[in-house]
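**Q** First, the structure itself, so that you have it in front of you.
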Amino acid sequence: MSEPLIVFDKVTKSYDGATQVVKSLDFAVERGEFVTLLGPSGSGKTTTLMMLAGFEDPSGGTITFDGRPLNNVPAHRRGIGVVFQNYALFPHMSVAANLSFPLEMQGVGRAEREERVRGALDMVKLDHLGDRRPAQLSGGQQQRVALARALVFRPKLVLMDEPLGALDKQLREHMQIEIKHIHEKLGVTVVYVTHDQGEALTMSDRVAVFHHGRIQQLAPPAEIYEKPANAFVASFIGENNRLDGVVAARDGASCLLRLADGGEVRAQIGEDLPVGAQAVLALRPEKVLIGSEAQGENRFEAEIEELIYFGDHTRLRLSFGGSDDFSARLTFKDGLGPLKKGDRIPVAWSAANCLALKPEES
Amino acid sequence: MANTMSVLGPRRKASAGRLALALVTGLILLFLVAPIAVVFPLSLSSGELLVLPTPGYSLRWYTDFFTSSRWLDATWNSFVVGIATMVLATLLGTLAAFGIFLGRFRGKALLLAVLSLPMVTPVIVTAIAMYFALSMVGLGSSLTGLVLSHTVLAVPFVLLTVLASLQNFDQNLLRAAASLGANPVVSFRRVVLPLIAPGVATGALFAFATSFDELIVALFIASPGQFTLPRQMYAGLREFLSPTIAAAAVLLILFSVLLLAVNEFIRQRAAARGAAPGEPTP
Amino acid sequence: MLGMSRRNLLAAALIAPLLLLVTLSFLLPLGATLYRAVDDSEFSTALPRTASLLRAWDGQGLPPEEAFASLVAELRQAQQDQAAGGVLARLNFEETGLRSLLLQASRASARLSAPVKDSLIALNPRWGEPELWRLFKRATGPWTSLYLLRSLDMRPTDQGVARAAGGDAVFLPLFWRTFEISLVTTLICALLAYPVAFTLSVLPQGWANAGMMLVLIPFWTSILVRTTAWFIILQREGPINALLMAMDIVDQPMAMIFTRFAVYLAMVHVLLPFAILPLYGVMKGIKPDYMRAAASLGAPGWRRFLRIYLPLTMPGVAAGSLMVFMLSVGFYITPALVGGSGDQMVSYFIAFFTNTSVNWGMAAALATLLMVMTGLLVVAARLLVPGFRSGGVKV
């Protein structure tokens with residue numbers, strides 16, 4: 001296996017010398033990989049991207065890119081393409097001139113420039129709009145131009161900072177697929193920043209979940225979703241029921257958790273938890289089985305507090321286990337069924353589908 | 001667009017109140033332009049006195065202006081000083097504005113206040129300060145001294161107009177340019193300058209006008225050989241009120257209108273270009 | 001694009017040339033000028049030994065014989081070196097008559113026999129007055145409050161500060177006049193600007209632009225040219241008088257030029273655009289929704305105006321008024337050309353002391369006080385008007 005394209009080694013960043021926005025980052029991105037930095041705002045993901053692009057200097061540590069350290073390499077000598085959230089297209093230049101700009105900077109000759117600009121416009125299906133000004137394009141078209149501009153000079157790495165944030169939902173989903181296809185076709189390495197977990201899960205080879213300036217988990221999407229490394233990841237990605245309890249017994253990879261109301265739940269051990277420790281149970285609403293389907297190691301009775309109709313599914317808010325906010329997500333094949341508010345129904349889930357994690361430090 | 005109904009009630013009440021308001025506005029606007037307009041016929045008088053109605057019309061006072069070495073020298077000096085001031089103030093002001101825009105340091109407000117201090121200092125105070133200082137370094141009566149003084153007076157205008165146009169400038173464009181391989185100088189030339197050009201042009205125009213109209217510093221610093229147009233005009237008013245002064249005033253008014261027209265042209269072109277860079281339109 | 005430190009380095013390099021220019025050509029000269037208001041070096045420069053003797057003297061009774069002798073000798077020497085002008089002017093400014101007293105002593109220096117003290121007192125009994133010597137002692141510097149106090153119609157004495165003698169109250173009335181003229185001008189400008197800015201802000205764009213031109217043309221026309229226009233128009237034989245006489249409204253020319261009326265007329269004309277432009281900007285920015293909301297909440301027209309529109313436009317009034325006031329306070333050319341001798345403002349006297357009477361200490365003191373007046377005004381405006389930004393940016 002060849003060396004990684006990007007290596008972060010103990011990288012820290014502080015703007016005021018006191019509070020660290022990024023705390024000791026250590027991770028690597030392989031060549032050709034699509035890695036997404038995901039996290040709430042202020043988690044350090046954008047700062048990380050800015051340091052990689054050269055718009056910010058790390059306060060400590062080293063970033064290595066393509067085998068050479070990036071410290072003191074100014075942004076314009078890094079050869080890293082960037083797609084900005086608001087596209088940052090030069091408003092006084094035509095679309096073609098925008099695309100031609102990086103090639104001019106590289107000293108590419110006129111004929112080849114025109115050739116490559118045409119190719120790039122073709123790639124994003126805008127070959128007829130080269131003469132337009134950015135302001136004359138729709139949001140989606142501007143987004144494609146920004147993408148083409150970041151790729152036209154054939155960088156080894158493209159950074160994307162919430163590139164789809166300004167688009168409406170439908171267009172966003174369409175562009176996600178298009179970006180993914182371009183990535184597959186060109187084999188370019190992509191580091192992508194978003195706060196949209198759906199985007200992160202669908203597009204990435206690996207996702208890095210950021211929180212409080214640290215990577216909480218760096219793993220393929222399925223692992224992030226199914227095996228969150230801690231309570232933050234569990235709650236940040238997708239929905240999760242959280243039930244507080246104490247570890248009553250351990251048995252290999254599983255444990256027994258005693259809930260506030262005295263009920264006992266068998267769960268997988270997600271993080272190292274000694275017997276007697278406070279723990280939080282993470283359980284996805286869609287893993288909860290009810291009624292006649294309610295089979296599994298954990299089987300209880302709960303009362304329906306509320307039924308919320310979503311069209312493709314219905315959510316039940318249940319009171320159970322010392323919580324009145326316990327959700328189950330039901331997909332009915334044959335209508336809503338006879339359930340109604342106040343019913344007491346059996347609920348169950350498999351121990352393999354729930355994790356015992358350390359409570360989050362606030 | 002603001003709507004009259006919003007303030008004074010529905011349009012059907014376009015009554016006495018509205019009419020009175022329009023009348024008052026008209027009278028005030030008349031007051032603003034009338035004195036300027038009156039100078040035109042006076043300057044075309046064929047007589048020796050500045051009276052209306054004029055005894056007849058002639059261009060003799062304009063001929064007088066354009067054949068008098070004093071007026072011509074003053075015109076020449078004004079243009080030399082004005083253009084030198086404009087170049088210097090625009091260059092230094094634009095660079096400094098960009099520096100202030102780029103920098104991430106404390107005390108920006110203070111720095112800006114210090115740099116625009118000449119704008120709020122009474123001109124007479126600036127004038128005597130320059131006078132004392134320039135006489136000390138031996139530039140007491142020289143066009144160089146005048147250019148330096150005028151630059152100090154004009155630079156805040158450049159600084160503020162350029163800073164104002166940088167307000168609309170999206171910092172990400174600089175980052176984009178860098179990510180595409182442009183060094184800071186190229187970014188400035190290819191990306192920043194074209195986008196803030198209207199602001200720079202307005203600032204330059206202002207710098208020129210500030211110098212071209214400036215009298216008080218010129219009173220202290222310029223000796224007769226270095227009289228500028230305002231200085232020559234002031235001397236004329238103090239000595240003998242000839243209609244040549246009215247002719248000079250008309251020429252200056254026309255020139256001001258020209259500067260105003262150029263400025264309006266710049267503004268409208270910038271507005272037509274939709275000079276709000278970085279804002280994607282739906 | 002650059003990292004942070006590199007970025008600030010570049011920023012510093014871009015700002016440095018201008019900062020250097022402003023420092024060298026403005027801040028330093030300004031500082032040096034303001035320093036002249038308290039500088040008191042003439043005596044000790046021209047008469048150094050006397051100065052040090054007087055500094056050592058305790059100020060009781062008369063100074064020692066040595067001081068008398070030294071004063072006469074050094075004065076004589078300074079006169080021969082043509083270096084006595086400064087100190088003579090300085091002392092004579094503090095007390096009229098001291099120049100001739102000193103010149104008399106200097107002329108007699110060859111004939112004075114020892115002890116010089118007695119000979120001088122014999123020559124002129126004033127030399128025996130301790131107050132005179134204490135005045136000299138005060139003049140040995142290095143600083144003096146003389147000019148600043150004089151600018152406030154006061155004078156330093158042995159006991160501290162005293163009011164200037166009866167008829168000498170010159171400068172306080174001058175400052176008061178400057179303030180009064182500026183205030184009246186500002187009020188008139190604000191009053192006239194409001195309807196104009198309002199009408200222009202609600203007119204259809206085409207008409208508004210045309211009206212705006214009528215504001216912008218005078219705005220771009222130089223102050224001197226506009227003052228000149230008034231200077232010509234208001235002449236005794238000028239167009240207005242000619243018109244009034246032709247219409248038999250008056251039978252002899254009215255005195256309009258060189259009056260306070262002329263000063264107000266010209267100053268308002270010059271400054272009115274500065275009041276209209278910011279106000280127009282603010283009024284343009286007020287969304288009709290506010291007024292519609294007020295109407296829907298049941299406020300009749302005049303209450304909508306008083307409770308909603310007027311407060312919303314106040315920042316524009318404040319910005320324009322401050323600009324007008326600040327410029328008024330420093331006005332020089334317009335009053336000098338169209339005003340009478342009783343209509344001149346502080347600037348006129350600064351120019352007068354600089355050029356005509358060559359008393360740079362007084363020029364500097366008046367300049368300092370004028371700056372203080374302007375500065376206090378800006379501070380007051382910032383405190384009184386929330387969210388206020390000063391800035392005289394032309395449109």
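In the structure tokens, chains take letters A, B, ... by order of appearance, with residues numbered from 1 within each chain and ligands from 1 in the order shown.
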Would you return as a PyMOL selection string the members of region 101-257 of chain C that DSSP assigns to helix (DSSP H, G or I) on this structure's backbone?
**A** chain C and resi 101-111+116-123+125-128+130-138+146-151+166-168+171-202+205-220+223-233+239-246
**Q** Would you mind listing, as a list in words, all residues of chain A that have at least one atom within 7 Å of chain B, where only C-alpha atoms are what counts?
**A**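 In the required form, that comes to Phe55, Ala75, His76, Arg77, Gly79, Ile80, Gly81, Val82, Ala88, Leu89, Phe90, Pro91, His92, Pro102, Met105, Ala135, Ser138 and Gly139 of chain A.
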**Q** Could you save the residues just selected, with C-alpha atoms, as a JSON list (two decimals), in the first residue's frame?
**A**
[["chain", "number", "residue", "atom", "x", "y", "z"],
["A", 55, "PHE", "CA", -5.86, 29.59, 4.82],
["A", 75, "ALA", "CA", -1.92, 28.32, -0.09],
["A", 76, "HIS", "CA", -1.09, 29.32, -3.65],
["A", 77, "ARG", "CA", 1.77, 26.82, -3.82],
["A", 79, "GLY", "CA", -1.95, 22.85, -5.56],
["A", 80, "ILE", "CA", -5.08, 21.88, -3.66],
["A", 81, "GLY", "CA", -8.47, 22.59, -5.25],
["A", 82, "VAL", "CA", -11.13, 24.11, -3.04],
["A", 88, "ALA", "CA", -16.43, 32.17, -4.56],
["A", 89, "LEU", "CA", -16.64, 32.48, -8.32],
["A", 90, "PHE", "CA", -14.93, 35.64, -9.56],
["A", 91, "PRO", "CA", -17.95, 37.80, -10.40],
["A", 92, "HIS", "CA", -16.09, 39.98, -12.89],
["A", 102, "PRO", "CA", -5.79, 28.38, -12.41],
["A", 105, "MET", "CA", -1.41, 30.61, -12.95],
["A", 135, "ALA", "CA", -24.37, 36.14, -11.63],
["A", 138, "SER", "CA", -28.60, 29.55, -11.22],
["A", 139, "GLY", "CA", -27.32, 28.34, -7.87]]
**Q** Near chain C, which residues of chain A fall within 12 Å when you count only C-alpha atoms, and what do they look like as JSON, numbers by chain?
**A** {"A": [13, 14, 15, 16, 50, 51, 52, 53, 54, 55, 56, 57, 58, 59, 70, 71, 72, 73, 74, 75, 76, 77, 78]}
**Q** If we count only C-alpha atoms, what is near Gln217 (chain A) at a cut-off of 9 Å, once residues fewer than 5 positions away on the same chain are taken out, given as a PyMOL selection string?
**A** chain A and resi 207-210+224+228-230+233
**Q** Set the distance at 12 Å and use only C-alpha atoms: which residues neighbour Val270 (chain C) once local chain neighbours fewer than 2 positions away are removed? I'd like the list as an MDAnalysis selection string.
**A** (chainID B and resid 31:33 35:36) or (chainID C and resid 185:186 189 215:230 263:268 272:276 324 327:328 331 333:335)
**Q** I need the contact residues of chain B against chain C, so if you could list those with any atom within 7 Å, counting only C-alpha atoms, and return them as a ChimeraX atom specification, that would help.
**A** /B:2-4,6-9,21-22,25,29,32-33,35-36,39,50-52,92-93,95-96,99-100,102-104,115,121-126,129-130,133,148-149,152,157,160,174-175,178,184,213,230,249,253,256-257,260
**Q** Report as a PyMOL selection string all protein, DNA and RNA residues lying within 9 Å of region 222-224 of chain B, evaluated on only C-alpha atoms, omitting residues in the same chain fewer than 2 positions from it.
**A** chain B and resi 140-143+145-146+217-220+226-228+231-232
**Q** Keeping only C-alpha atoms, write the selected residues to a file as a short mmCIF file (atom, residue, chain, number, x, y, z; two decimals), in the first residue's frame.
**A**
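Below is the file out.cif, written as the result:
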data_model
loop_
_atom_site.label_atom_id
_atom_site.label_comp_id
_atom_site.auth_asym_id
_atom_site.auth_seq_id
_atom_site.Cartn_x
_atom_site.Cartn_y
_atom_site.Cartn_z
CA GLY B 140 7.68 76.50 3.08
CA SER B 141 6.49 77.68 -0.28
CA SER B 142 6.66 74.86 -2.74
CA LEU B 143 4.26 72.78 -4.76
CA GLY B 145 4.67 70.95 0.27
CA LEU B 146 1.23 71.66 -1.13
CA VAL B 217 -3.62 75.34 3.09
CA ALA B 218 -2.77 77.05 -0.19
CA LEU B 219 -3.22 80.41 1.54
CA PHE B 220 -0.41 79.58 3.93
CA GLN B 226 2.65 78.76 -6.82
CA PHE B 227 -0.86 80.14 -6.69
CA THR B 228 -3.54 77.58 -7.43
CA ARG B 231 -5.75 80.92 -4.27
CA GLN B 232 -5.75 83.16 -7.33
#
**Q** From the DSSP assignment of the backbone, select every residue of region 149-275 of chain C that is strand (DSSP E), and format the answer as a list of chain:residue names.
**A**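 Answer for region 149-275 of chain C, restricted to strand (DSSP E): C:Met154, C:Arg155, C:Pro156, C:Thr157, C:Gly160, C:Val161, C:Ala162, C:Arg163.
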**Q** Do you have the CA of Ala282 (chain A)-CA of Arg242 (chain A) distance handy?
**A** 5.1 Å
**Q** Report as a VMD selection string all protein, DNA and RNA residues lying within 9 Å of Ala328 (chain A), evaluated on only C-alpha atoms, omitting residues in the same chain fewer than 2 positions from it.
**A** chain A and resid 241 284 to 290 314 to 318 326 330 347
**Q** Save out the residues we just selected, N, CA and C atoms, as a PDB file, in the first residue's frame.
**A**
ATOM      1  N   ASN A 241     -32.540   6.440  20.861  1.00  0.00           N
ATOM      2  CA  ASN A 241     -33.132   6.501  22.192  1.00  0.00           C
ATOM      3  C   ASN A 241     -32.006   6.402  23.192  1.00  0.00           C
ATOM      4  N   ARG A 284     -31.473   2.594  18.313  1.00  0.00           N
ATOM      5  CA  ARG A 284     -32.113   3.317  17.212  1.00  0.00           C
ATOM      6  C   ARG A 284     -33.608   3.011  17.178  1.00  0.00           C
ATOM      7  N   PRO A 285     -34.446   3.995  16.915  1.00  0.00           N
ATOM      8  CA  PRO A 285     -35.905   3.786  16.927  1.00  0.00           C
ATOM      9  C   PRO A 285     -36.340   2.700  15.954  1.00  0.00           C
ATOM     10  N   GLU A 286     -35.633   2.553  14.821  1.00  0.00           N
ATOM     11  CA  GLU A 286     -36.087   1.555  13.849  1.00  0.00           C
ATOM     12  C   GLU A 286     -35.746   0.126  14.266  1.00  0.00           C
ATOM     13  N   LYS A 287     -34.935  -0.024  15.319  1.00  0.00           N
ATOM     14  CA  LYS A 287     -34.595  -1.369  15.794  1.00  0.00           C
ATOM     15  C   LYS A 287     -35.605  -1.865  16.835  1.00  0.00           C
ATOM     16  N   VAL A 288     -36.505  -0.969  17.215  1.00  0.00           N
ATOM     17  CA  VAL A 288     -37.484  -1.337  18.243  1.00  0.00           C
ATOM     18  C   VAL A 288     -38.650  -2.052  17.568  1.00  0.00           C
ATOM     19  N   LEU A 289     -38.951  -3.234  18.066  1.00  0.00           N
ATOM     20  CA  LEU A 289     -40.053  -4.008  17.505  1.00  0.00           C
ATOM     21  C   LEU A 289     -41.242  -3.899  18.451  1.00  0.00           C
ATOM     22  N   ILE A 290     -42.442  -3.880  17.892  1.00  0.00           N
ATOM     23  CA  ILE A 290     -43.611  -3.764  18.780  1.00  0.00           C
ATOM     24  C   ILE A 290     -44.682  -4.795  18.415  1.00  0.00           C
ATOM     25  N   THR A 314     -44.408   5.811  10.738  1.00  0.00           N
ATOM     26  CA  THR A 314     -45.098   6.449  11.862  1.00  0.00           C
ATOM     27  C   THR A 314     -44.196   6.321  13.078  1.00  0.00           C
ATOM     28  N   ARG A 315     -44.124   7.397  13.843  1.00  0.00           N
ATOM     29  CA  ARG A 315     -43.289   7.365  15.034  1.00  0.00           C
ATOM     30  C   ARG A 315     -44.177   7.249  16.272  1.00  0.00           C
ATOM     31  N   LEU A 316     -43.804   6.367  17.137  1.00  0.00           N
ATOM     32  CA  LEU A 316     -44.513   6.252  18.396  1.00  0.00           C
ATOM     33  C   LEU A 316     -43.657   6.870  19.480  1.00  0.00           C
ATOM     34  N   ARG A 317     -44.284   7.724  20.280  1.00  0.00           N
ATOM     35  CA  ARG A 317     -43.573   8.200  21.465  1.00  0.00           C
ATOM     36  C   ARG A 317     -44.109   7.407  22.643  1.00  0.00           C
ATOM     37  N   LEU A 318     -43.206   6.714  23.301  1.00  0.00           N
ATOM     38  CA  LEU A 318     -43.623   5.780  24.349  1.00  0.00           C
ATOM     39  C   LEU A 318     -43.079   6.227  25.678  1.00  0.00           C
ATOM     40  N   PHE A 326     -39.348   7.891  24.562  1.00  0.00           N
ATOM     41  CA  PHE A 326     -38.757   6.706  23.938  1.00  0.00           C
ATOM     42  C   PHE A 326     -39.462   6.494  22.599  1.00  0.00           C
ATOM     43  N   LEU A 330     -42.057   2.894  13.019  1.00  0.00           N
ATOM     44  CA  LEU A 330     -42.797   1.766  12.444  1.00  0.00           C
ATOM     45  C   LEU A 330     -43.096   2.002  10.983  1.00  0.00           C
ATOM     46  N   VAL A 347     -42.928  -4.075  23.677  1.00  0.00           N
ATOM     47  CA  VAL A 347     -41.823  -3.599  22.821  1.00  0.00           C
ATOM     48  C   VAL A 347     -40.638  -4.526  23.077  1.00  0.00           C
TER      49      VAL A 347
END
**Q** One decimal, Å: what's the distance from CA of Pro40 (chain A) over to CA of Gly61 (chain A), could you say?
**A**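 CA of Gly61 (chain A) lies at a distance of 23.7 Å from CA of Pro40 (chain A).
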**Q** Just the residues within 12 Å of region 167-178 of chain A, please, counting only C-alpha atoms, with nothing from its chain fewer than 3 positions along; format it as an NGL selection string.
**A** (:A and (85-87 or 123-125 or 138-144 or 147-148 or 160 or 162-164 or 181-185 or 192 or 194 or 196 or 198-204)) or (:B and (280-282))
**Q** Save out the residues we just selected, C-alpha atoms, as a PDB file, in the first residue's frame.
**A**
ATOM      1  CA  GLN A  85     -19.743  27.080   0.298  1.00  0.00           C
ATOM      2  CA  ASN A  86     -20.745  30.256  -1.538  1.00  0.00           C
ATOM      3  CA  TYR A  87     -18.734  29.089  -4.572  1.00  0.00           C
ATOM      4  CA  MET A 123     -17.764  17.214 -17.383  1.00  0.00           C
ATOM      5  CA  VAL A 124     -20.235  19.341 -15.401  1.00  0.00           C
ATOM      6  CA  LYS A 125     -22.602  19.601 -18.393  1.00  0.00           C
ATOM      7  CA  SER A 138     -28.604  29.551 -11.218  1.00  0.00           C
ATOM      8  CA  GLY A 139     -27.324  28.341  -7.873  1.00  0.00           C
ATOM      9  CA  GLY A 140     -26.898  24.804  -9.128  1.00  0.00           C
ATOM     10  CA  GLN A 141     -25.032  25.941 -12.212  1.00  0.00           C
ATOM     11  CA  GLN A 142     -22.737  28.106 -10.125  1.00  0.00           C
ATOM     12  CA  GLN A 143     -22.073  25.096  -7.953  1.00  0.00           C
ATOM     13  CA  ARG A 144     -21.002  23.068 -10.985  1.00  0.00           C
ATOM     14  CA  LEU A 147     -16.608  22.208  -8.937  1.00  0.00           C
ATOM     15  CA  ALA A 148     -15.169  22.375 -12.447  1.00  0.00           C
ATOM     16  CA  MET A 160     -15.120  20.942  -0.379  1.00  0.00           C
ATOM     17  CA  GLU A 162     -20.215  22.586   2.620  1.00  0.00           C
ATOM     18  CA  PRO A 163     -20.440  22.902  -1.153  1.00  0.00           C
ATOM     19  CA  LEU A 164     -24.132  22.037  -1.326  1.00  0.00           C
ATOM     20  CA  HIS A 181     -19.623  10.067  -9.815  1.00  0.00           C
ATOM     21  CA  ILE A 182     -16.983  12.647 -10.658  1.00  0.00           C
ATOM     22  CA  HIS A 183     -14.943  11.414  -7.729  1.00  0.00           C
ATOM     23  CA  GLU A 184     -15.160   7.849  -8.953  1.00  0.00           C
ATOM     24  CA  LYS A 185     -14.351   8.839 -12.515  1.00  0.00           C
ATOM     25  CA  TYR A 192     -15.473  17.109   2.262  1.00  0.00           C
ATOM     26  CA  THR A 194     -20.535  19.100   5.994  1.00  0.00           C
ATOM     27  CA  ASP A 196     -25.409  17.163   7.050  1.00  0.00           C
ATOM     28  CA  GLY A 198     -27.135  12.167   5.379  1.00  0.00           C
ATOM     29  CA  GLU A 199     -24.689  13.711   2.918  1.00  0.00           C
ATOM     30  CA  ALA A 200     -21.764  12.333   4.886  1.00  0.00           C
ATOM     31  CA  LEU A 201     -23.166   8.818   5.013  1.00  0.00           C
ATOM     32  CA  THR A 202     -24.150   8.583   1.361  1.00  0.00           C
ATOM     33  CA  MET A 203     -21.043  10.105  -0.211  1.00  0.00           C
ATOM     34  CA  SER A 204     -18.046   9.091   1.840  1.00  0.00           C
TER      35      SER A 204
ATOM     36  CA  PRO B 280     -25.148  33.880  -5.852  1.00  0.00           C
ATOM     37  CA  THR B 281     -28.429  34.788  -7.451  1.00  0.00           C
ATOM     38  CA  PRO B 282     -31.205  32.223  -7.436  1.00  0.00           C
TER      39      PRO B 282
END
**Q** Could you tell me how far CA of Glu361 (chain A) lies from CA of Asp9 (chain A), in Å and to one decimal?
**A** 25.6 Å
**Q** Could you check which of C:Met362, C:Val372, C:Leu88, C:Ala105 is closest to Leu146 (chain C), using only C-alpha atoms?
**A**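 That would be C:Met362, the residue with the smallest distance to Leu146 (chain C).
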